[in-house]
Structures are given as C-alpha cells and as structure tokens.
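Okay, final.cif now, which holds mmCIF, N, CA and C atoms:
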data_work
#
loop_
_atom_site.label_atom_id
_atom_site.label_comp_id
_atom_site.auth_asym_id
_atom_site.auth_seq_id
_atom_site.Cartn_x
_atom_site.Cartn_y
_atom_site.Cartn_z
N MET A 1467 16.37 -49.60 29.35
CA MET A 1467 17.07 -48.54 30.03
C MET A 1467 16.99 -47.26 29.18
N SER A 1468 16.84 -46.17 29.86
CA SER A 1468 16.77 -44.90 29.15
C SER A 1468 18.13 -44.21 29.21
N ASP A 1469 18.26 -43.12 28.48
CA ASP A 1469 19.51 -42.35 28.49
C ASP A 1469 19.53 -41.48 29.73
N ILE A 1470 20.18 -41.95 30.78
CA ILE A 1470 20.29 -41.22 32.03
C ILE A 1470 21.41 -40.20 31.89
N LYS A 1471 21.17 -39.00 32.33
CA LYS A 1471 22.14 -37.93 32.20
C LYS A 1471 22.97 -37.74 33.46
N VAL A 1472 23.12 -38.79 34.25
CA VAL A 1472 23.93 -38.74 35.47
C VAL A 1472 25.03 -39.76 35.33
N GLN A 1473 26.26 -39.33 35.54
CA GLN A 1473 27.41 -40.23 35.49
C GLN A 1473 28.03 -40.29 36.88
N PRO A 1474 27.91 -41.43 37.57
CA PRO A 1474 28.54 -41.55 38.89
C PRO A 1474 30.05 -41.37 38.78
N LEU A 1475 30.66 -40.86 39.83
CA LEU A 1475 32.10 -40.66 39.85
C LEU A 1475 32.78 -41.74 40.69
N GLY A 1476 34.03 -42.02 40.37
CA GLY A 1476 34.82 -42.98 41.15
C GLY A 1476 34.22 -44.36 41.12
N SER A 1477 34.13 -44.98 42.28
CA SER A 1477 33.63 -46.35 42.38
C SER A 1477 32.17 -46.40 42.79
N ARG A 1478 31.39 -45.44 42.32
CA ARG A 1478 29.96 -45.42 42.63
C ARG A 1478 29.15 -46.00 41.48
N VAL A 1479 27.94 -46.48 41.80
CA VAL A 1479 27.02 -46.98 40.79
C VAL A 1479 25.66 -46.33 41.00
N LEU A 1480 24.92 -46.21 39.92
CA LEU A 1480 23.55 -45.69 39.96
C LEU A 1480 22.62 -46.87 39.74
N VAL A 1481 21.72 -47.10 40.69
CA VAL A 1481 20.82 -48.26 40.66
C VAL A 1481 19.38 -47.79 40.68
N ARG A 1482 18.54 -48.41 39.82
CA ARG A 1482 17.09 -48.16 39.84
C ARG A 1482 16.47 -49.31 40.63
N PRO A 1483 15.91 -49.02 41.83
CA PRO A 1483 15.31 -50.08 42.64
C PRO A 1483 14.22 -50.81 41.88
N ASP A 1484 14.14 -52.11 42.11
CA ASP A 1484 13.14 -52.97 41.49
C ASP A 1484 11.85 -52.85 42.30
N LYS A 1485 10.83 -52.27 41.72
CA LYS A 1485 9.55 -52.08 42.41
C LYS A 1485 8.63 -53.25 42.14
N GLU A 1486 8.94 -54.39 42.81
CA GLU A 1486 8.12 -55.59 42.64
C GLU A 1486 6.78 -55.41 43.35
N GLY A 1487 5.76 -55.98 42.75
CA GLY A 1487 4.42 -55.92 43.36
C GLY A 1487 3.72 -54.61 43.05
N GLU A 1488 2.45 -54.54 43.37
CA GLU A 1488 1.66 -53.36 43.09
C GLU A 1488 1.30 -52.57 44.33
N GLY A 1489 1.89 -52.93 45.47
CA GLY A 1489 1.56 -52.21 46.68
C GLY A 1489 0.35 -52.77 47.40
N ARG A 1490 0.07 -54.05 47.15
CA ARG A 1490 -1.02 -54.68 47.89
C ARG A 1490 -0.67 -56.14 48.15
N THR A 1491 -1.33 -56.69 49.15
CA THR A 1491 -1.06 -58.07 49.55
C THR A 1491 -1.74 -59.04 48.60
N THR A 1492 -1.44 -60.33 48.77
CA THR A 1492 -2.06 -61.35 47.93
C THR A 1492 -3.56 -61.45 48.14
N THR A 1493 -4.04 -60.97 49.30
CA THR A 1493 -5.48 -60.99 49.57
C THR A 1493 -6.18 -59.74 49.07
N GLY A 1494 -5.40 -58.79 48.50
CA GLY A 1494 -6.00 -57.60 47.91
C GLY A 1494 -5.99 -56.36 48.77
N ILE A 1495 -5.38 -56.43 49.94
CA ILE A 1495 -5.32 -55.26 50.82
C ILE A 1495 -4.20 -54.34 50.35
N TYR A 1496 -4.51 -53.06 50.16
CA TYR A 1496 -3.51 -52.09 49.73
C TYR A 1496 -2.60 -51.69 50.88
N ILE A 1497 -1.31 -51.60 50.58
CA ILE A 1497 -0.31 -51.23 51.58
C ILE A 1497 0.07 -49.77 51.35
N PRO A 1498 -0.07 -48.92 52.38
CA PRO A 1498 0.30 -47.52 52.19
C PRO A 1498 1.81 -47.39 51.97
N GLU A 1499 2.23 -46.36 51.26
CA GLU A 1499 3.63 -46.12 50.94
C GLU A 1499 4.52 -46.13 52.17
N THR A 1500 4.02 -45.60 53.28
CA THR A 1500 4.82 -45.49 54.50
C THR A 1500 5.06 -46.85 55.16
N ALA A 1501 4.25 -47.85 54.85
CA ALA A 1501 4.38 -49.16 55.48
C ALA A 1501 5.15 -50.16 54.63
N LYS A 1502 5.46 -49.79 53.39
CA LYS A 1502 6.15 -50.71 52.49
C LYS A 1502 7.61 -50.88 52.89
N GLU A 1503 8.12 -52.07 52.66
CA GLU A 1503 9.54 -52.35 52.87
C GLU A 1503 10.34 -51.71 51.74
N LYS A 1504 11.52 -51.23 52.06
CA LYS A 1504 12.40 -50.70 51.02
C LYS A 1504 12.87 -51.86 50.15
N PRO A 1505 12.91 -51.66 48.81
CA PRO A 1505 13.41 -52.74 47.96
C PRO A 1505 14.89 -52.96 48.20
N GLN A 1506 15.33 -54.18 48.04
CA GLN A 1506 16.74 -54.51 48.22
C GLN A 1506 17.37 -55.02 46.93
N THR A 1507 16.61 -55.00 45.85
CA THR A 1507 17.15 -55.37 44.55
C THR A 1507 16.91 -54.24 43.58
N GLY A 1508 17.72 -54.21 42.54
CA GLY A 1508 17.56 -53.18 41.53
C GLY A 1508 18.44 -53.47 40.34
N PHE A 1509 18.38 -52.56 39.37
CA PHE A 1509 19.13 -52.72 38.13
C PHE A 1509 20.16 -51.61 38.02
N VAL A 1510 21.39 -51.98 37.65
CA VAL A 1510 22.45 -51.00 37.47
C VAL A 1510 22.15 -50.18 36.23
N VAL A 1511 22.10 -48.86 36.40
CA VAL A 1511 21.78 -47.95 35.30
C VAL A 1511 23.04 -47.28 34.76
N ALA A 1512 24.00 -46.98 35.65
CA ALA A 1512 25.25 -46.35 35.24
C ALA A 1512 26.33 -46.71 36.26
N VAL A 1513 27.58 -46.74 35.80
CA VAL A 1513 28.70 -47.04 36.68
C VAL A 1513 29.72 -45.91 36.61
N GLY A 1514 30.50 -45.77 37.68
CA GLY A 1514 31.52 -44.74 37.74
C GLY A 1514 32.70 -45.03 36.84
N ASP A 1515 33.70 -44.18 36.90
CA ASP A 1515 34.84 -44.28 36.00
C ASP A 1515 36.01 -45.08 36.57
N ASP A 1516 35.84 -45.72 37.71
CA ASP A 1516 36.91 -46.51 38.34
C ASP A 1516 36.68 -47.99 38.03
N GLU A 1517 37.04 -48.40 36.80
CA GLU A 1517 36.77 -49.77 36.35
C GLU A 1517 37.45 -50.83 37.19
N ASP A 1518 38.57 -50.50 37.83
CA ASP A 1518 39.29 -51.49 38.64
C ASP A 1518 38.49 -51.89 39.88
N GLU A 1519 37.70 -51.00 40.41
CA GLU A 1519 36.94 -51.26 41.65
C GLU A 1519 35.53 -51.78 41.40
N ILE A 1520 34.96 -51.50 40.24
CA ILE A 1520 33.56 -51.83 39.97
C ILE A 1520 33.45 -53.18 39.27
N LYS A 1521 32.71 -54.10 39.87
CA LYS A 1521 32.59 -55.47 39.36
C LYS A 1521 31.25 -55.73 38.66
N VAL A 1522 30.41 -54.71 38.52
CA VAL A 1522 29.11 -54.89 37.88
C VAL A 1522 29.05 -54.10 36.59
N LYS A 1523 28.09 -54.47 35.74
CA LYS A 1523 27.90 -53.78 34.47
C LYS A 1523 26.47 -53.25 34.39
N VAL A 1524 26.28 -52.27 33.53
CA VAL A 1524 24.95 -51.70 33.30
C VAL A 1524 24.00 -52.81 32.86
N GLY A 1525 22.81 -52.83 33.46
CA GLY A 1525 21.78 -53.80 33.12
C GLY A 1525 21.71 -54.99 34.06
N GLN A 1526 22.73 -55.20 34.88
CA GLN A 1526 22.70 -56.33 35.80
C GLN A 1526 21.78 -56.06 36.98
N LYS A 1527 21.11 -57.12 37.45
CA LYS A 1527 20.27 -57.03 38.64
C LYS A 1527 21.15 -57.29 39.85
N VAL A 1528 21.05 -56.44 40.87
CA VAL A 1528 21.92 -56.53 42.03
C VAL A 1528 21.12 -56.52 43.33
N LEU A 1529 21.78 -57.01 44.38
CA LEU A 1529 21.22 -57.01 45.74
C LEU A 1529 22.05 -56.03 46.56
N PHE A 1530 21.35 -55.19 47.35
CA PHE A 1530 22.05 -54.21 48.19
C PHE A 1530 21.34 -54.10 49.53
N PRO A 1531 22.04 -53.54 50.56
CA PRO A 1531 21.41 -53.39 51.88
C PRO A 1531 20.23 -52.42 51.82
N LYS A 1532 19.29 -52.57 52.75
CA LYS A 1532 18.09 -51.72 52.77
C LYS A 1532 18.40 -50.24 52.84
N TYR A 1533 19.29 -49.86 53.71
CA TYR A 1533 19.55 -48.44 53.94
C TYR A 1533 20.96 -48.11 53.50
N THR A 1534 21.14 -47.86 52.22
CA THR A 1534 22.45 -47.54 51.68
C THR A 1534 22.32 -46.47 50.62
N GLY A 1535 23.38 -45.76 50.38
CA GLY A 1535 23.42 -44.79 49.29
C GLY A 1535 22.57 -43.56 49.51
N THR A 1536 22.46 -42.79 48.43
CA THR A 1536 21.69 -41.55 48.41
C THR A 1536 20.57 -41.68 47.40
N GLU A 1537 19.33 -41.49 47.87
CA GLU A 1537 18.18 -41.59 46.98
C GLU A 1537 18.01 -40.30 46.20
N ILE A 1538 17.81 -40.43 44.88
CA ILE A 1538 17.55 -39.27 44.02
C ILE A 1538 16.42 -39.63 43.06
N LYS A 1539 15.78 -38.61 42.51
CA LYS A 1539 14.72 -38.82 41.55
C LYS A 1539 15.19 -38.27 40.20
N LEU A 1540 15.19 -39.12 39.18
CA LEU A 1540 15.60 -38.74 37.84
C LEU A 1540 14.45 -39.01 36.89
N GLU A 1541 14.00 -37.96 36.22
CA GLU A 1541 12.89 -38.08 35.27
C GLU A 1541 11.67 -38.75 35.92
N GLY A 1542 11.45 -38.44 37.20
CA GLY A 1542 10.30 -38.95 37.93
C GLY A 1542 10.45 -40.37 38.46
N VAL A 1543 11.64 -40.96 38.33
CA VAL A 1543 11.87 -42.34 38.77
C VAL A 1543 12.92 -42.33 39.88
N GLU A 1544 12.64 -43.09 40.95
CA GLU A 1544 13.58 -43.19 42.07
C GLU A 1544 14.83 -43.95 41.66
N HIS A 1545 15.99 -43.45 42.08
CA HIS A 1545 17.28 -44.11 41.87
C HIS A 1545 18.09 -43.98 43.15
N ILE A 1546 19.14 -44.79 43.26
CA ILE A 1546 20.05 -44.72 44.39
C ILE A 1546 21.48 -44.68 43.86
N ILE A 1547 22.26 -43.71 44.33
CA ILE A 1547 23.69 -43.69 44.05
C ILE A 1547 24.38 -44.27 45.27
N MET A 1548 25.23 -45.30 45.06
CA MET A 1548 25.91 -45.95 46.18
C MET A 1548 27.31 -46.35 45.77
N ASP A 1549 28.13 -46.61 46.76
CA ASP A 1549 29.47 -47.13 46.49
C ASP A 1549 29.33 -48.55 45.96
N ALA A 1550 30.15 -48.91 44.99
CA ALA A 1550 30.11 -50.25 44.42
C ALA A 1550 30.39 -51.30 45.50
N ASP A 1551 31.17 -50.94 46.51
CA ASP A 1551 31.47 -51.88 47.60
C ASP A 1551 30.24 -52.20 48.44
N ASP A 1552 29.20 -51.35 48.39
CA ASP A 1552 27.97 -51.59 49.14
C ASP A 1552 27.12 -52.70 48.53
N LEU A 1553 27.33 -53.00 47.24
CA LEU A 1553 26.56 -54.05 46.59
C LEU A 1553 26.91 -55.40 47.22
N LEU A 1554 25.88 -56.21 47.44
CA LEU A 1554 26.08 -57.50 48.10
C LEU A 1554 26.23 -58.65 47.11
N ALA A 1555 25.50 -58.60 45.98
CA ALA A 1555 25.53 -59.71 45.04
C ALA A 1555 24.94 -59.31 43.70
N ILE A 1556 25.27 -60.08 42.68
CA ILE A 1556 24.64 -59.98 41.37
C ILE A 1556 23.59 -61.08 41.32
N ILE A 1557 22.39 -60.75 40.88
CA ILE A 1557 21.30 -61.73 40.80
C ILE A 1557 21.17 -62.21 39.36
N ASN A 1558 21.34 -63.50 39.15
CA ASN A 1558 21.19 -64.09 37.81
C ASN A 1558 19.85 -64.77 37.73
N ASP A 1559 18.91 -64.16 37.00
CA ASP A 1559 17.56 -64.73 36.88
C ASP A 1559 17.53 -65.83 35.84
#

Using structure tokens, write down the structure from this file.
Amino acid sequence: MSDIKVQPLGSRVLVRPDKEGEGRTTTGIYIPETAKEKPQTGFVVAVGDDEDEIKVKVGQKVLFPKYTGTEIKLEGVEHIIMDADDLLAIIND
C-alpha cells in the first residue's frame, strides 16, 4: 500500500479494485476495456473517522456490489469511495 493522501470522512472507505487477469480470455483473446466486467473485490486503502460504524481495516480484501460508490483516480490508479455499509463481505484468502 502506498501513502494515499485521501482520508474518507464519516463511515466511508476507500477501496482499490482488484484487477484480476490481464484483460484476455484463457484462449488468448483480448477483451476490450468496454466489454470487461466491473471488479467486485478490492483492498481497503483508507477508512473514515467513524470507527463505530466501520467493521473493516486497511489492507483487508473485501467484496462489494458492481455499481456502488464514486470512482476516482489517485496517482493514476482507480479507486472507489463508498459507504462502509455497502461492503458485502471480508474475503479471507
């Protein structure tokens, strides 16, 4: 994790989506960006200041709905700011 200069407020979390795969199928066909599925897993990068409401910690892998939060780009990397209540699960690998 890098030093992110964004601090979510309240019960929000900042998540870096997990970009699994290289954008091509197992048979080697490349998938254009517009046809790719949105990732539904990611890593918590920062949490808001409402510790009573937030049940996740920085570094945990989480599952979230496809279309949630606000997408932002930080240092050239896609991130999503979302309410902690939008998170569906913690993934333990």

message: Quick check on the file I pasted: which residues fall under the PyMOL selection byres (((chain A and resi 1549 and name CA) around 8) and name CA)? Write them as a PyMOL selection string.
response: chain A and resi 1477-1479+1535+1547-1548+1550-1553

- request: Find the residues near A:Pro1474: any atom within 7 Å, counting all atoms listed in the file, skip ones fewer than 6 places away on the same chain, and give them as a ChimeraX atom specification.
  value: /A:1480,1512-1515

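The smallest atom-to-atom distance between A:Glu1544 and any of A:Lys1527, A:Lys1471, A:Lys1521, A:Arg1482, using all atoms listed in the file, is found for A:Arg1482.
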
message: Which residue is closest to A:Ile1556? Choose from A:Val1543, A:Val1472, A:Ile1538, A:Val1528 and count only C-alpha atoms.
response: A:Val1528

- request: Work out how far atom C of A:Ile1520 is from atom C of A:Lys1485, in Å to one decimal.
  value: 25.0 Å

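Going from atom N of A:Leu1540 to atom C of A:Gln1473 covers 13.1 Å.
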
Fewer than 2 positions away in the same chain doesn't count, so skip those; otherwise give me all residues within 5 Å of A:Thr1507, counting all atoms listed in the file, as an mmCIF file with N, CA and C atoms, in the coordinates of the input.
data_model
loop_
_atom_site.group_PDB
_atom_site.id
_atom_site.type_symbol
_atom_site.label_atom_id
_atom_site.label_comp_id
_atom_site.auth_asym_id
_atom_site.auth_seq_id
_atom_site.Cartn_x
_atom_site.Cartn_y
_atom_site.Cartn_z
ATOM 1 N N PRO A 1483 15.910 -49.020 41.830
ATOM 2 C CA PRO A 1483 15.310 -50.080 42.640
ATOM 3 C C PRO A 1483 14.220 -50.810 41.880
ATOM 4 N N ASP A 1484 14.140 -52.110 42.110
ATOM 5 C CA ASP A 1484 13.140 -52.970 41.490
ATOM 6 C C ASP A 1484 11.850 -52.850 42.300
ATOM 7 N N PRO A 1505 12.910 -51.660 48.810
ATOM 8 C CA PRO A 1505 13.410 -52.740 47.960
ATOM 9 C C PRO A 1505 14.890 -52.960 48.200
ATOM 10 N N PHE A 1509 18.380 -52.560 39.370
ATOM 11 C CA PHE A 1509 19.130 -52.720 38.130
ATOM 12 C C PHE A 1509 20.160 -51.610 38.020
ATOM 13 N N VAL A 1528 21.050 -56.440 40.870
ATOM 14 C CA VAL A 1528 21.920 -56.530 42.030
ATOM 15 C C VAL A 1528 21.120 -56.520 43.330
ATOM 16 N N LEU A 1529 21.780 -57.010 44.380
ATOM 17 C CA LEU A 1529 21.220 -57.010 45.740
ATOM 18 C C LEU A 1529 22.050 -56.030 46.560
ATOM 19 N N PHE A 1530 21.350 -55.190 47.350
ATOM 20 C CA PHE A 1530 22.050 -54.210 48.190
ATOM 21 C C PHE A 1530 21.340 -54.100 49.530
#

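From atom N of A:Glu1541 back to atom N of A:Asp1518, the distance works out to 27.6 Å.
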